[in-house]
file structure_0.tsv (TSV, C-alpha atoms)
chain	number	residue	atom	x	y	z
A	263	GLN	CA	-23.89	45.29	-45.59
A	264	LYS	CA	-21.15	42.70	-45.46
A	265	GLU	CA	-22.12	39.65	-47.46
A	266	VAL	CA	-20.86	36.16	-48.05
A	267	GLU	CA	-22.10	34.33	-51.12
A	268	GLN	CA	-21.85	30.63	-51.79
A	269	ASN	CA	-22.87	28.62	-54.82
A	270	SER	CA	-26.35	27.54	-53.85
A	271	GLY	CA	-26.06	23.91	-54.86
A	272	PRO	CA	-27.07	21.32	-54.11
A	273	LEU	CA	-23.85	19.70	-55.22
A	274	SER	CA	-23.74	16.00	-55.92
A	275	VAL	CA	-20.52	14.05	-56.52
A	276	PRO	CA	-19.71	10.33	-56.72
A	277	GLU	CA	-17.70	8.68	-53.99
A	278	GLY	CA	-13.97	9.18	-54.54
A	279	ALA	CA	-14.37	12.36	-56.59
A	280	ILE	CA	-13.22	15.87	-55.73
A	281	ALA	CA	-15.89	18.20	-54.40
A	282	SER	CA	-15.28	21.92	-54.97
A	283	LEU	CA	-17.10	24.49	-52.86
A	284	ASN	CA	-16.82	28.21	-53.54
A	285	CYS	CA	-17.42	31.39	-51.59
A	286	THR	CA	-17.06	35.11	-52.29
A	287	TYR	CA	-17.19	37.94	-49.77
A	288	SER	CA	-17.86	41.63	-50.07
A	289	ASP	CA	-15.83	43.17	-47.22
A	290	ARG	CA	-12.31	43.89	-48.46
A	291	VAL	CA	-10.91	44.21	-44.93
A	292	SER	CA	-11.95	40.69	-43.96
A	293	GLN	CA	-9.10	38.95	-42.17
A	294	SER	CA	-10.25	35.49	-41.14
A	295	PHE	CA	-11.98	32.84	-43.20
A	296	PHE	CA	-13.55	29.60	-42.11
A	297	TRP	CA	-15.28	26.55	-43.46
A	298	TYR	CA	-17.80	24.80	-41.24
A	299	ARG	CA	-19.60	21.54	-41.88
A	300	GLN	CA	-23.14	21.09	-40.61
A	301	TYR	CA	-24.91	17.76	-40.62
A	302	SER	CA	-28.68	17.85	-40.65
A	303	GLY	CA	-30.02	18.61	-37.19
A	304	LYS	CA	-26.54	19.29	-35.79
A	305	SER	CA	-24.51	22.40	-35.06
A	306	PRO	CA	-21.70	23.71	-37.29
A	307	GLU	CA	-18.35	22.02	-36.91
A	308	LEU	CA	-15.13	23.78	-37.88
A	309	ILE	CA	-13.24	22.11	-40.73
A	310	MET	CA	-10.68	24.69	-41.82
A	311	SER	CA	-9.49	28.18	-41.03
A	312	ILE	CA	-7.35	30.26	-43.38
A	313	TYR	CA	-5.89	33.72	-42.91
A	314	SER	CA	-3.40	34.36	-45.72
A	315	ASN	CA	-3.44	33.99	-49.49
A	316	GLY	CA	-2.71	30.59	-50.91
A	317	ASP	CA	-3.58	27.03	-50.06
A	318	LYS	CA	-3.91	25.30	-46.72
A	319	GLU	CA	-4.18	21.53	-46.60
A	320	ASP	CA	-5.49	19.31	-43.81
A	321	GLY	CA	-5.94	15.69	-44.74
A	322	ARG	CA	-8.45	15.43	-47.57
A	323	PHE	CA	-9.42	19.09	-47.24
A	324	THR	CA	-7.73	22.05	-48.94
A	325	ALA	CA	-8.80	25.63	-48.40
A	326	GLN	CA	-7.78	28.27	-50.92
A	327	LEU	CA	-7.83	32.02	-50.32
A	328	ASN	CA	-7.44	34.83	-52.84
A	329	LYS	CA	-7.93	38.18	-51.11
A	330	ALA	CA	-7.50	40.18	-54.33
A	331	SER	CA	-10.46	38.35	-55.84
A	332	GLN	CA	-12.28	38.12	-52.47
A	333	TYR	CA	-12.66	34.41	-52.99
A	334	VAL	CA	-12.38	31.38	-50.74
A	335	SER	CA	-12.79	27.77	-51.76
A	336	LEU	CA	-12.78	24.34	-50.18
A	337	LEU	CA	-11.71	21.20	-52.01
A	338	ILE	CA	-12.58	17.79	-50.64
A	339	ARG	CA	-10.51	15.03	-52.20
A	340	ASP	CA	-11.59	11.38	-52.25
A	341	SER	CA	-15.11	12.38	-51.18
A	342	GLN	CA	-16.88	9.94	-48.88
A	343	PRO	CA	-20.61	9.47	-48.18
A	344	SER	CA	-19.86	10.73	-44.65
A	345	ASP	CA	-18.90	14.09	-46.19
A	346	SER	CA	-22.56	14.60	-47.16
A	347	ALA	CA	-23.55	17.75	-45.26
A	348	THR	CA	-24.08	21.47	-45.68
A	349	TYR	CA	-20.83	23.42	-45.90
A	350	LEU	CA	-20.85	26.95	-44.55
A	351	CYS	CA	-18.35	29.62	-45.47
A	352	ALA	CA	-17.81	32.25	-42.77
A	353	VAL	CA	-15.83	35.46	-42.73
A	354	ILE	CA	-14.72	37.85	-40.01
A	355	GLY	CA	-13.81	41.47	-40.73
A	356	GLY	CA	-10.85	43.25	-39.21
A	357	GLY	CA	-11.10	43.72	-35.43
A	358	SER	CA	-14.46	42.01	-35.08
A	359	GLU	CA	-15.66	38.74	-33.62
A	360	LYS	CA	-18.74	38.84	-35.81
A	361	LEU	CA	-18.89	35.79	-38.07
A	362	VAL	CA	-20.82	36.45	-41.27
A	363	PHE	CA	-22.03	33.22	-42.82
A	364	GLY	CA	-23.00	32.28	-46.32
A	365	LYS	CA	-26.27	30.40	-46.79
A	366	GLY	CA	-24.34	27.16	-47.27
A	367	THR	CA	-23.92	24.58	-50.00
A	368	LYS	CA	-25.49	21.18	-49.53
A	369	LEU	CA	-23.15	18.42	-50.66
A	370	THR	CA	-24.26	14.87	-51.36
A	371	VAL	CA	-21.66	12.17	-51.99
A	372	ASN	CA	-23.19	9.18	-53.73
A	373	PRO	CA	-21.80	5.70	-53.00
B	227	LYS	CA	-11.82	19.14	-22.46
B	228	ALA	CA	-15.54	19.86	-22.42
B	229	GLY	CA	-17.08	21.64	-25.39
B	230	VAL	CA	-19.59	24.45	-25.48
B	231	THR	CA	-22.68	23.51	-23.50
B	232	GLN	CA	-26.09	24.97	-24.22
B	233	THR	CA	-29.19	24.47	-22.15
B	234	PRO	CA	-31.93	23.65	-22.61
B	235	ARG	CA	-31.74	21.72	-25.88
B	236	TYR	CA	-35.41	22.18	-26.70
B	237	LEU	CA	-38.01	24.74	-25.69
B	238	ILE	CA	-41.65	25.26	-26.56
B	239	LYS	CA	-43.15	28.63	-25.72
B	240	THR	CA	-46.24	30.60	-26.72
B	241	ARG	CA	-46.40	34.05	-28.24
B	242	GLY	CA	-45.84	36.86	-25.78
B	243	GLN	CA	-43.80	34.79	-23.36
B	244	GLN	CA	-40.13	35.32	-22.68
B	245	VAL	CA	-37.29	32.83	-22.70
B	246	THR	CA	-33.75	32.59	-21.35
B	247	LEU	CA	-31.10	30.41	-22.95
B	248	SER	CA	-27.82	29.50	-21.34
B	249	CYS	CA	-24.35	28.89	-22.72
B	250	SER	CA	-21.22	27.63	-20.97
B	251	PRO	CA	-18.11	28.19	-23.09
B	252	ILE	CA	-15.06	26.01	-23.44
B	253	SER	CA	-12.81	26.43	-20.42
B	254	GLY	CA	-10.47	29.38	-20.95
B	255	HIS	CA	-12.57	30.99	-23.67
B	256	ARG	CA	-13.58	34.55	-22.87
B	257	SER	CA	-15.65	35.38	-25.94
B	258	VAL	CA	-19.18	34.10	-26.41
B	259	SER	CA	-21.22	34.80	-29.53
B	260	TRP	CA	-24.86	34.02	-30.21
B	261	TYR	CA	-26.41	33.18	-33.57
B	262	GLN	CA	-29.90	32.49	-34.85
B	263	GLN	CA	-30.36	29.88	-37.56
B	264	THR	CA	-33.52	29.58	-39.62
B	265	PRO	CA	-34.11	27.79	-42.93
B	266	GLY	CA	-34.87	31.04	-44.72
B	267	GLN	CA	-32.21	33.38	-43.32
B	268	GLY	CA	-29.43	30.95	-42.51
B	269	LEU	CA	-27.07	31.75	-39.65
B	270	GLN	CA	-27.33	35.30	-38.39
B	271	PHE	CA	-25.20	36.98	-35.76
B	272	LEU	CA	-27.02	38.23	-32.67
B	273	PHE	CA	-24.30	39.55	-30.36
B	274	GLU	CA	-20.90	38.84	-28.86
B	275	TYR	CA	-19.67	39.21	-25.31
B	276	PHE	CA	-16.11	39.43	-24.11
B	277	SER	CA	-15.17	39.83	-20.45
B	278	GLU	CA	-18.77	40.62	-19.48
B	279	THR	CA	-19.08	43.40	-22.09
B	280	GLN	CA	-21.10	43.34	-25.28
B	281	ARG	CA	-18.52	43.93	-27.97
B	282	ASN	CA	-20.55	43.44	-31.15
B	283	LYS	CA	-24.25	43.44	-31.96
B	284	GLY	CA	-26.20	42.22	-34.97
B	285	ASN	CA	-29.36	43.63	-36.50
B	286	PHE	CA	-31.97	42.22	-34.18
B	287	PRO	CA	-34.67	44.09	-32.25
B	288	GLY	CA	-34.24	45.06	-28.62
B	289	ARG	CA	-36.35	42.08	-27.56
B	290	PHE	CA	-33.15	40.09	-27.94
B	291	SER	CA	-30.67	40.71	-25.16
B	292	GLY	CA	-27.84	38.96	-23.48
B	293	ARG	CA	-25.28	39.09	-20.75
B	294	GLN	CA	-22.09	37.43	-19.68
B	295	PHE	CA	-21.00	36.53	-16.20
B	296	SER	CA	-17.56	36.70	-14.63
B	297	ASN	CA	-17.01	32.98	-15.30
B	298	SER	CA	-17.67	33.66	-19.04
B	299	ARG	CA	-21.00	31.83	-19.01
B	300	SER	CA	-23.57	33.70	-21.04
B	301	GLU	CA	-27.32	33.96	-21.19
B	302	MET	CA	-29.55	35.16	-23.97
B	303	ASN	CA	-33.06	36.45	-23.35
B	304	VAL	CA	-35.89	36.97	-25.80
B	305	SER	CA	-38.92	38.85	-24.54
B	306	THR	CA	-42.41	39.07	-26.02
B	307	LEU	CA	-41.86	36.05	-28.23
B	308	GLU	CA	-43.16	36.09	-31.79
B	309	LEU	CA	-43.83	33.15	-34.10
B	310	GLY	CA	-40.86	34.25	-36.22
B	311	ASP	CA	-38.51	33.72	-33.30
B	312	SER	CA	-38.79	29.97	-33.80
B	313	ALA	CA	-35.27	28.94	-34.69
B	314	LEU	CA	-32.13	27.12	-33.63
B	315	TYR	CA	-30.11	29.38	-31.34
B	316	LEU	CA	-26.43	28.66	-31.38
B	317	CYS	CA	-23.74	29.78	-29.02
B	318	ALA	CA	-20.07	29.82	-29.99
B	319	SER	CA	-17.03	30.45	-27.86
B	320	SER	CA	-13.48	31.49	-28.64
B	321	PHE	CA	-10.38	32.84	-26.92
B	322	GLY	CA	-11.18	36.19	-28.48
B	323	GLY	CA	-7.78	36.66	-30.05
B	324	ASN	CA	-6.80	37.66	-33.55
B	325	GLU	CA	-7.33	34.26	-35.16
B	326	ASN	CA	-10.73	34.03	-33.54
B	327	ILE	CA	-11.69	30.40	-34.08
B	328	GLN	CA	-15.23	29.88	-32.83
B	329	TYR	CA	-16.57	26.57	-31.60
B	330	PHE	CA	-20.29	25.94	-31.51
B	331	GLY	CA	-22.51	24.31	-28.95
B	332	ALA	CA	-25.29	21.90	-29.91
B	333	GLY	CA	-27.84	24.69	-29.90
B	334	THR	CA	-31.25	25.31	-28.38
B	335	ARG	CA	-34.23	24.60	-30.60
B	336	LEU	CA	-36.95	27.14	-29.76
B	337	SER	CA	-40.49	26.66	-31.01
B	338	VAL	CA	-42.98	29.48	-30.53
B	339	LEU	CA	-46.63	28.47	-30.84
call {"tool": "encode", "arguments": {"input": "structure_0.tsv", "output": "structure tokens"}}
result
Amino acid sequence: QKEVEQNSGPLSVPEGAIASLNCTYSDRVSQSFFWYRQYSGKSPELIMSIYSNGDKEDGRFTAQLNKASQYVSLLIRDSQPSDSATYLCAVIGGGSEKLVFGKGTKLTVNP
Amino acid sequence: KAGVTQTPRYLIKTRGQQVTLSCSPISGHRSVSWYQQTPGQGLQFLFEYFSETQRNKGNFPGRFSGRQFSNSRSEMNVSTLELGDSALYLCASSFGGNENIQYFGAGTRLSVL
């Protein structure tokens, strides 16, 4: 059974701080990795995709991938109250469209 | 460019009934995937269709079925509804290529009484 594990949280950070969200996955052949943000009562919204080892930056967001350690992380710099949401890590194995999601980490950014 | 459209947004059904949910993907997207989200289980994959063919299937009973039409629109059907089927049902579309970025619709909230 392919699994994606996230630190359960909830995670609370002050406004302006760096929020660090972590995710591990069990399927070694996983090829595609995603971070989605889901506000309460809304559907998931794609924040970042990453496919190769290393860092990928987009504005205040940085995704980090380490395939050897089967680890994906998301850093949110200068956190804002509007970043308060549940962050979902999702992984796709080789040759499949099946997204396997973690249970999510609820982030609260306090003004 | 219009996003993924799901209808209806809300449904209330009773046990034993059946329900059909609809999903219109982003224009040009050929892959449509369906997910069930519940507080206890999180987001779980139901199935994925590409060019009218089911390409992947999750671990759900046969009461859950789907199809895709030639215009890539997809429907999901749940027969003999059970209380545990109450959930948010999400549809996601993608081009279906290697990078496989999926975009979600707003979802259909199904309540089974």
call {"tool": "closest_residue", "arguments": {"input": "structure_0.tsv", "among": "A:Lys368, A:Arg339, A:Arg290, A:Lys304", "to": "A:Glu319", "atoms": "all atoms listed in the file"}}
result
A:Arg339
call {"tool": "closest_atom_pairs", "arguments": {"input": "structure_0.tsv", "of": "chain B", "to": "chain A", "cutoff": "12 Å", "atoms": "all atoms listed in the file", "output": "Markdown table"}}
result
| residue | atom | partner | partner_atom | distance |
| --- | --- | --- | --- | --- |
| B:Gly229 | CA | A:Glu307 | CA | 11.6 |
| B:Val230 | CA | A:Ser305 | CA | 11.0 |
| B:Thr231 | CA | A:Ser305 | CA | 11.8 |
| B:Gln232 | CA | A:Ser305 | CA | 11.3 |
| B:Arg235 | CA | A:Lys304 | CA | 11.5 |
| B:Arg256 | CA | A:Glu359 | CA | 11.7 |
| B:Ser257 | CA | A:Glu359 | CA | 8.4 |
| B:Val258 | CA | A:Glu359 | CA | 9.3 |
| B:Ser259 | CA | A:Lys360 | CA | 7.9 |
| B:Trp260 | CA | A:Lys360 | CA | 9.6 |
| B:Tyr261 | CA | A:Leu361 | CA | 9.1 |
| B:Gln262 | CA | A:Phe363 | CA | 11.2 |
| B:Gln263 | CA | A:Ser305 | CA | 9.8 |
| B:Thr264 | CA | A:Lys365 | CA | 10.2 |
| B:Pro265 | CA | A:Lys365 | CA | 9.1 |
| B:Gly266 | CA | A:Lys365 | CA | 8.9 |
| B:Gln267 | CA | A:Lys365 | CA | 7.5 |
| B:Gly268 | CA | A:Lys365 | CA | 5.3 |
| B:Leu269 | CA | A:Phe363 | CA | 6.1 |
| B:Gln270 | CA | A:Val362 | CA | 7.2 |
| B:Phe271 | CA | A:Lys360 | CA | 6.7 |
| B:Leu272 | CA | A:Lys360 | CA | 8.9 |
| B:Phe273 | CA | A:Lys360 | CA | 7.8 |
| B:Glu274 | CA | A:Glu359 | CA | 7.1 |
| B:Tyr275 | CA | A:Glu359 | CA | 9.2 |
| B:Phe276 | CA | A:Glu359 | CA | 9.5 |
| B:Gln280 | CA | A:Glu359 | CA | 11.0 |
| B:Arg281 | CA | A:Glu359 | CA | 8.2 |
| B:Asn282 | CA | A:Lys360 | CA | 6.8 |
| B:Lys283 | CA | A:Lys360 | CA | 8.1 |
| B:Gly284 | CA | A:Lys360 | CA | 8.2 |
| B:Asn285 | CA | A:Gln263 | CA | 10.7 |
| B:Ala313 | CA | A:Gly303 | CA | 11.9 |
| B:Leu314 | CA | A:Ser305 | CA | 9.1 |
| B:Tyr315 | CA | A:Ser305 | CA | 9.7 |
| B:Leu316 | CA | A:Ser305 | CA | 7.5 |
| B:Cys317 | CA | A:Ser305 | CA | 9.6 |
| B:Ala318 | CA | A:Pro306 | CA | 9.7 |
| B:Ser319 | CA | A:Glu359 | CA | 10.2 |
| B:Ser320 | CA | A:Glu359 | CA | 9.1 |
| B:Phe321 | CA | A:Glu359 | CA | 10.4 |
| B:Gly322 | CA | A:Glu359 | CA | 7.3 |
| B:Gly323 | CA | A:Glu359 | CA | 8.9 |
| B:Asn324 | CA | A:Gly357 | CA | 7.7 |
| B:Glu325 | CA | A:Ser294 | CA | 6.8 |
| B:Asn326 | CA | A:Glu359 | CA | 6.8 |
| B:Ile327 | CA | A:Ser311 | CA | 7.6 |
| B:Gln328 | CA | A:Leu308 | CA | 7.9 |
| B:Tyr329 | CA | A:Leu308 | CA | 7.0 |
| B:Phe330 | CA | A:Pro306 | CA | 6.4 |
| B:Gly331 | CA | A:Ser305 | CA | 6.7 |
| B:Ala332 | CA | A:Ser305 | CA | 5.2 |
| B:Gly333 | CA | A:Ser305 | CA | 6.6 |
| B:Thr334 | CA | A:Ser305 | CA | 9.9 |
| B:Arg335 | CA | A:Gly303 | CA | 9.9 |
call {"tool": "residues_around", "arguments": {"input": "structure_0.tsv", "residues": "A:Ser331", "least_positions_apart": "2", "cutoff": "12 Å", "atoms": "only C-alpha atoms", "output": "ChimeraX atom specification"}}
result
/A:285-290,315,326-329,333-335
call {"tool": "atom_distance", "arguments": {"input": "structure_0.tsv", "atom1": "atom CA of B:Asn303", "atom2": "atom CA of B:Gln244"}}
result
7.2 Å
call {"tool": "residues_around", "arguments": {"input": "structure_0.tsv", "residues": "A:Ala347", "least_positions_apart": "2", "cutoff": "7 Å", "atoms": "only C-alpha atoms", "output": "list in words"}}
result
Arg299, Gln300, Tyr301, Ser302, Asp345, Tyr349, Lys368, Leu369 and Thr370 of chain A
call {"tool": "atom_distance", "arguments": {"input": "structure_0.tsv", "atom1": "atom CA of B:Ser296", "atom2": "atom CA of B:Ser248"}}
result
14.2 Å
call {"tool": "axis_aligned_box", "arguments": {"input": "structure_0.tsv", "around": "stretch 330-340 of chain A", "padding_each_side": "8 Å", "output": "AutoDock Vina command-line options"}}
result
--center_x -10.1 --center_y 25.8 --center_z -53.0 --size_x 21.3 --size_y 44.8 --size_z 21.7
call {"tool": "closest_residue", "arguments": {"input": "structure_0.tsv", "among": "A:Pro272, A:Pro343, A:Gly316, A:Gly355", "to": "A:Pro373", "atoms": "only C-alpha atoms"}}
result
A:Pro343
call {"tool": "decode", "arguments": {"input": "structure_0.tsv", "residues": "stretch 283-296 of chain A", "atoms": "N, CA and C atoms", "output": "tab-separated table (two decimals), in the first residue's frame"}}
result
chain	number	residue	atom	x	y	z
A	283	LEU	N	6.70	22.51	6.49
A	283	LEU	CA	5.78	21.39	6.40
A	283	LEU	C	6.51	20.20	5.77
A	284	ASN	N	6.34	19.03	6.34
A	284	ASN	CA	7.11	17.87	5.92
A	284	ASN	C	6.22	16.72	5.47
A	285	CYS	N	6.79	15.88	4.62
A	285	CYS	CA	6.04	14.77	4.03
A	285	CYS	C	7.01	13.66	3.66
A	286	THR	N	6.67	12.43	3.99
A	286	THR	CA	7.45	11.28	3.53
A	286	THR	C	6.51	10.36	2.75
A	287	TYR	N	7.11	9.59	1.82
A	287	TYR	CA	6.31	8.70	1.01
A	287	TYR	C	6.97	7.33	0.94
A	288	SER	N	6.16	6.32	0.70
A	288	SER	CA	6.68	4.95	0.80
A	288	SER	C	7.08	4.36	-0.55
A	289	ASP	N	6.50	4.84	-1.65
A	289	ASP	CA	6.73	4.24	-2.96
A	289	ASP	C	7.99	4.82	-3.60
A	290	ARG	N	9.03	4.00	-3.71
A	290	ARG	CA	10.32	4.49	-4.21
A	290	ARG	C	10.26	4.94	-5.67
A	291	VAL	N	9.29	4.44	-6.43
A	291	VAL	CA	9.24	4.80	-7.85
A	291	VAL	C	8.39	6.05	-8.11
A	292	SER	N	7.97	6.71	-7.04
A	292	SER	CA	7.18	7.93	-7.21
A	292	SER	C	7.95	8.95	-8.02
A	293	GLN	N	7.24	9.64	-8.93
A	293	GLN	CA	7.90	10.53	-9.88
A	293	GLN	C	7.50	11.98	-9.73
A	294	SER	N	6.27	12.20	-9.25
A	294	SER	CA	5.74	13.56	-9.23
A	294	SER	C	5.23	13.87	-7.83
A	295	PHE	N	5.51	15.10	-7.39
A	295	PHE	CA	5.20	15.47	-6.01
A	295	PHE	C	4.55	16.84	-6.00
A	296	PHE	N	3.52	16.97	-5.19
A	296	PHE	CA	2.73	18.18	-5.21
A	296	PHE	C	2.39	18.63	-3.79
